[in-house]
Amino acid sequence: MNNIQVGSLVLNGQLILYLAFGAAGWLMLRYRLRNMAERHVILSVMSNASWMWIVVWKLSFLLLHPVEVMQRPAVLLYFDGGGRGAWIASSVAVFYIWKKAAKMKGLLPSWLDMATLFLCSGWFAYQMLSAVIGVEPVWFHAAIAGLTAGFLFLQLAFSSKSNLLKWPAYAVWLSIGHVILWFCVPNREILFLSFNKQQLYFLIIATALTAWNWLNEARSGGGFRE
């Protein structure tokens with residue numbers, strides 16, 4: 001994403017979107033956890049993971065372009081790791097959350113539920129802000145924001161502390177909705193068959209969540225949970 005001009009101040013547009021992502025996720029968790037004993041622990045871990053993601057994403061430019069950084073260290077102030085850096089940062093953040101969750105095994109279902117809520121709240125803010133500041137295609141970002149808002153409503157309205165693993169069924173439909181909306185973007189870059197890279201990611205997510213939900217239901221002798 002290009003920089004955002006605010007008067008004489010030039011802001012890194014992508015960094016602003018990622019900061020909005022983290023802030024929205026944190027605020028939603030703060031609301032969701034208002035009556036839960038583990039509120040402070042989960043908020044602290046998710047907040048640390050969010051900041052860790054931003055730092056690793058920015059500094060990953062050093063890992064990906066070491067020669068350029070050695071020649072001009074100031075480039076770290078203006079550049080980031082891009083898509084590859086985002087994958088590196090995500091891997092570090094997921095590992096950090098997994099290590100923290102492993103120390104509190106009794107809270108694992110809560111961690112799964114809260115991580116999903118954090119990510120989807122952040123994704124909603126990211127897409128909505130993209131539409132507001134005019135990232136093309138605006139209608140697409142607005143539609144993704146609306147789809148994600150629907151998921152958040154279902155998650156908040158019908159999930160409970162006694163049924164925290166109900167979110168995978170909703171997340172499957174959220175992923176499928178993303179795939180369908182991408183078909184409406186005419187200039188998308190096709191990677192495989194008629195799917196672009198983003199569609200393949202969401203298809204993988206939908207497949208993995210469906211398999212994971214079936215495995216959990218098989219253990220309890222039930223069918224696919226709606």
# chains A, B, ... in the order shown; residues from 1 in each chain; ligands from 1
>>> select_by_dssp(residues="segment 37-185 of chain A", states="alpha helix (DSSP H)", output="PyMOL selection string")
chain A and resi 39-64+66-71+82-102+108-132+138-158+167-182
>>> residues_around(residues="Phe183 of chain A", least_positions_apart="6", cutoff="10 Å", atoms="only C-alpha atoms", output="ChimeraX atom specification")
/A:194-196,199
>>> atom_distance(atom1="atom CA of Trp57 of chain A", atom2="atom CA of Trp26 of chain A")
18.8 Å
>>> atom_distance(atom1="atom CA of Leu117 of chain A", atom2="atom CA of Gly146 of chain A")
15.3 Å
>>> atom_distance(atom1="atom CA of Trp182 of chain A", atom2="atom CA of Ala157 of chain A")
27.4 Å
>>> closest_residue(among="A:Ile42, A:Leu209, A:Ala143, A:Val55", to="Phe124 of chain A", atoms="only C-alpha atoms")
A:Ala143
>>> residues_around(residues="segment 12-20 of chain A", least_positions_apart="5", cutoff="12 Å", atoms="only C-alpha atoms", output="CSV table (one decimal) with N, CA and C atoms, in the first residue's frame")
chain,number,residue,atom,x,y,z
A,1,MET,N,0.8,-1.2,0.0
A,1,MET,CA,0.0,0.0,0.0
A,1,MET,C,0.9,1.2,0.0
A,2,ASN,N,0.4,2.3,-0.7
A,2,ASN,CA,1.2,3.5,-0.7
A,2,ASN,C,1.1,4.3,0.6
A,3,ASN,N,2.0,5.3,0.7
A,3,ASN,CA,2.0,6.1,1.9
A,3,ASN,C,0.8,7.0,1.9
A,4,ILE,N,0.4,7.5,3.2
A,4,ILE,CA,-0.7,8.3,3.4
A,4,ILE,C,-0.2,9.7,3.7
A,5,GLN,N,-0.7,10.7,2.9
A,5,GLN,CA,-0.2,12.1,3.1
A,5,GLN,C,-1.2,12.8,4.0
A,6,VAL,N,-0.8,13.3,5.1
A,6,VAL,CA,-1.6,14.1,6.1
A,6,VAL,C,-0.9,15.4,6.3
A,25,GLY,N,-8.3,-5.7,17.4
A,25,GLY,CA,-8.3,-7.0,18.1
A,25,GLY,C,-8.2,-6.9,19.6
A,26,TRP,N,-7.3,-6.0,20.0
A,26,TRP,CA,-7.1,-5.8,21.5
A,26,TRP,C,-8.4,-5.3,22.1
A,27,LEU,N,-9.0,-4.3,21.5
A,27,LEU,CA,-10.2,-3.7,22.1
A,27,LEU,C,-11.4,-4.7,22.1
A,47,SER,N,-1.5,-8.8,23.2
A,47,SER,CA,-0.9,-7.5,23.0
A,47,SER,C,0.6,-7.6,22.6
A,50,SER,N,1.1,-9.0,19.2
A,50,SER,CA,0.8,-8.0,18.1
A,50,SER,C,2.0,-7.1,17.9
A,51,TRP,N,2.6,-6.6,19.0
A,51,TRP,CA,3.7,-5.7,18.9
A,51,TRP,C,4.9,-6.5,18.3
A,52,MET,N,5.1,-7.7,18.8
A,52,MET,CA,6.1,-8.6,18.3
A,52,MET,C,6.0,-8.7,16.7
A,53,TRP,N,4.8,-8.9,16.3
A,53,TRP,CA,4.6,-9.0,14.8
A,53,TRP,C,5.0,-7.8,14.1
A,54,ILE,N,4.6,-6.6,14.6
A,54,ILE,CA,5.0,-5.4,13.9
A,54,ILE,C,6.5,-5.2,13.9
A,55,VAL,N,7.2,-5.5,15.0
A,55,VAL,CA,8.7,-5.3,15.1
A,55,VAL,C,9.4,-6.3,14.1
A,57,TRP,N,8.1,-7.8,11.5
A,57,TRP,CA,7.8,-7.5,10.1
A,57,TRP,C,8.7,-6.3,9.6
A,58,LYS,N,8.9,-5.3,10.4
A,58,LYS,CA,9.7,-4.2,10.0
A,58,LYS,C,11.2,-4.6,9.9
A,77,LEU,N,14.1,2.5,8.4
A,77,LEU,CA,13.0,3.4,8.8
A,77,LEU,C,11.9,3.5,7.8
A,78,TYR,N,12.2,3.2,6.6
A,78,TYR,CA,11.2,3.4,5.5
A,78,TYR,C,10.7,2.2,4.9
A,79,PHE,N,11.4,1.1,5.0
A,79,PHE,CA,11.0,-0.2,4.3
A,79,PHE,C,10.7,-1.3,5.3
A,80,ASP,N,10.0,-2.3,4.9
A,80,ASP,CA,9.6,-3.4,5.7
A,80,ASP,C,9.8,-4.7,4.9
A,81,GLY,N,9.5,-5.8,5.5
A,81,GLY,CA,9.7,-7.1,4.9
A,81,GLY,C,8.7,-7.5,3.8
A,82,GLY,N,7.6,-6.7,3.7
A,82,GLY,CA,6.6,-7.0,2.7
A,82,GLY,C,5.9,-8.3,3.0
A,83,GLY,N,5.5,-9.0,1.9
A,83,GLY,CA,4.7,-10.2,2.1
A,83,GLY,C,5.5,-11.3,2.8
A,86,ALA,N,5.9,-10.6,6.4
A,86,ALA,CA,4.6,-10.8,7.1
A,86,ALA,C,4.5,-12.3,7.5
A,118,PHE,N,-9.7,-12.1,18.0
A,118,PHE,CA,-8.7,-11.1,17.8
A,118,PHE,C,-8.4,-10.9,16.4
A,119,LEU,N,-8.1,-12.0,15.7
A,119,LEU,CA,-7.7,-11.9,14.2
A,119,LEU,C,-8.9,-11.3,13.4
A,121,SER,N,-11.5,-9.5,14.4
A,121,SER,CA,-11.7,-8.1,14.7
A,121,SER,C,-10.7,-7.2,14.0
A,122,GLY,N,-9.4,-7.6,14.1
A,122,GLY,CA,-8.4,-6.9,13.4
A,122,GLY,C,-8.6,-6.8,11.9
A,123,TRP,N,-9.0,-8.0,11.3
A,123,TRP,CA,-9.2,-8.1,9.9
A,123,TRP,C,-10.4,-7.1,9.5
A,124,PHE,N,-11.4,-7.1,10.3
A,124,PHE,CA,-12.5,-6.1,10.0
A,124,PHE,C,-12.0,-4.7,10.0
A,125,ALA,N,-11.2,-4.3,11.0
A,125,ALA,CA,-10.7,-2.9,11.0
A,125,ALA,C,-9.8,-2.7,9.9
A,126,TYR,N,-9.0,-3.6,9.5
A,126,TYR,CA,-8.0,-3.5,8.4
A,126,TYR,C,-8.8,-3.2,7.1
A,127,GLN,N,-9.8,-4.0,6.8
A,127,GLN,CA,-10.6,-3.9,5.6
A,127,GLN,C,-11.5,-2.6,5.6
A,128,MET,N,-12.0,-2.3,6.7
A,128,MET,CA,-12.9,-1.1,6.8
A,128,MET,C,-12.0,0.1,6.6
A,129,LEU,N,-10.9,0.2,7.2
A,129,LEU,CA,-10.0,1.4,7.1
A,129,LEU,C,-9.5,1.4,5.6
A,130,SER,N,-9.2,0.3,5.0
A,130,SER,CA,-8.8,0.3,3.6
A,130,SER,C,-9.8,0.9,2.7
A,131,ALA,N,-11.1,0.6,3.0
A,131,ALA,CA,-12.2,1.2,2.2
A,131,ALA,C,-12.3,2.7,2.4
A,132,VAL,N,-12.2,3.1,3.7
A,132,VAL,CA,-12.3,4.5,4.1
A,132,VAL,C,-11.3,5.3,3.4
A,133,ILE,N,-10.0,4.9,3.4
A,133,ILE,CA,-8.9,5.7,2.8
A,133,ILE,C,-8.8,5.5,1.3
A,134,GLY,N,-9.7,4.7,0.7
A,134,GLY,CA,-9.7,4.6,-0.7
A,134,GLY,C,-8.8,3.6,-1.4
A,135,VAL,N,-8.4,2.5,-0.7
A,135,VAL,CA,-7.6,1.5,-1.3
A,135,VAL,C,-8.5,0.7,-2.3
>>> closest_residue(among="A:Ala102, A:Val56, A:Ile97, A:Ile144", to="Leu174 of chain A", atoms="only C-alpha atoms")
A:Ile144
>>> residues_around(residues="Trp212 of chain A", least_positions_apart="6", cutoff="10 Å", atoms="only C-alpha atoms", output="list of chain:residue names")
A:Pro168, A:Ala206, A:Ala218
>>> write_last_selection(atoms="all heavy atoms", output="mmCIF file, in the first residue's frame")
data_model
loop_
_atom_site.group_PDB
_atom_site.id
_atom_site.type_symbol
_atom_site.label_atom_id
_atom_site.label_comp_id
_atom_site.auth_asym_id
_atom_site.auth_seq_id
_atom_site.Cartn_x
_atom_site.Cartn_y
_atom_site.Cartn_z
ATOM 1 N N PRO A 168 -15.270 -22.752 14.567
ATOM 2 C CA PRO A 168 -14.758 -23.262 13.288
ATOM 3 C C PRO A 168 -15.809 -23.342 12.191
ATOM 4 O O PRO A 168 -15.509 -23.081 11.021
ATOM 5 C CB PRO A 168 -14.225 -24.649 13.655
ATOM 6 C CG PRO A 168 -13.876 -24.550 15.088
ATOM 7 C CD PRO A 168 -14.926 -23.664 15.678
ATOM 8 N N ALA A 206 -10.280 -23.161 5.020
ATOM 9 C CA ALA A 206 -11.600 -23.787 5.126
ATOM 10 C C ALA A 206 -11.479 -25.307 5.224
ATOM 11 O O ALA A 206 -12.168 -25.947 6.030
ATOM 12 C CB ALA A 206 -12.465 -23.398 3.928
ATOM 13 N N ALA A 218 -15.613 -36.437 15.946
ATOM 14 C CA ALA A 218 -15.462 -37.896 15.935
ATOM 15 C C ALA A 218 -15.049 -38.417 17.305
ATOM 16 O O ALA A 218 -15.462 -39.494 17.727
ATOM 17 C CB ALA A 218 -14.430 -38.303 14.879
#
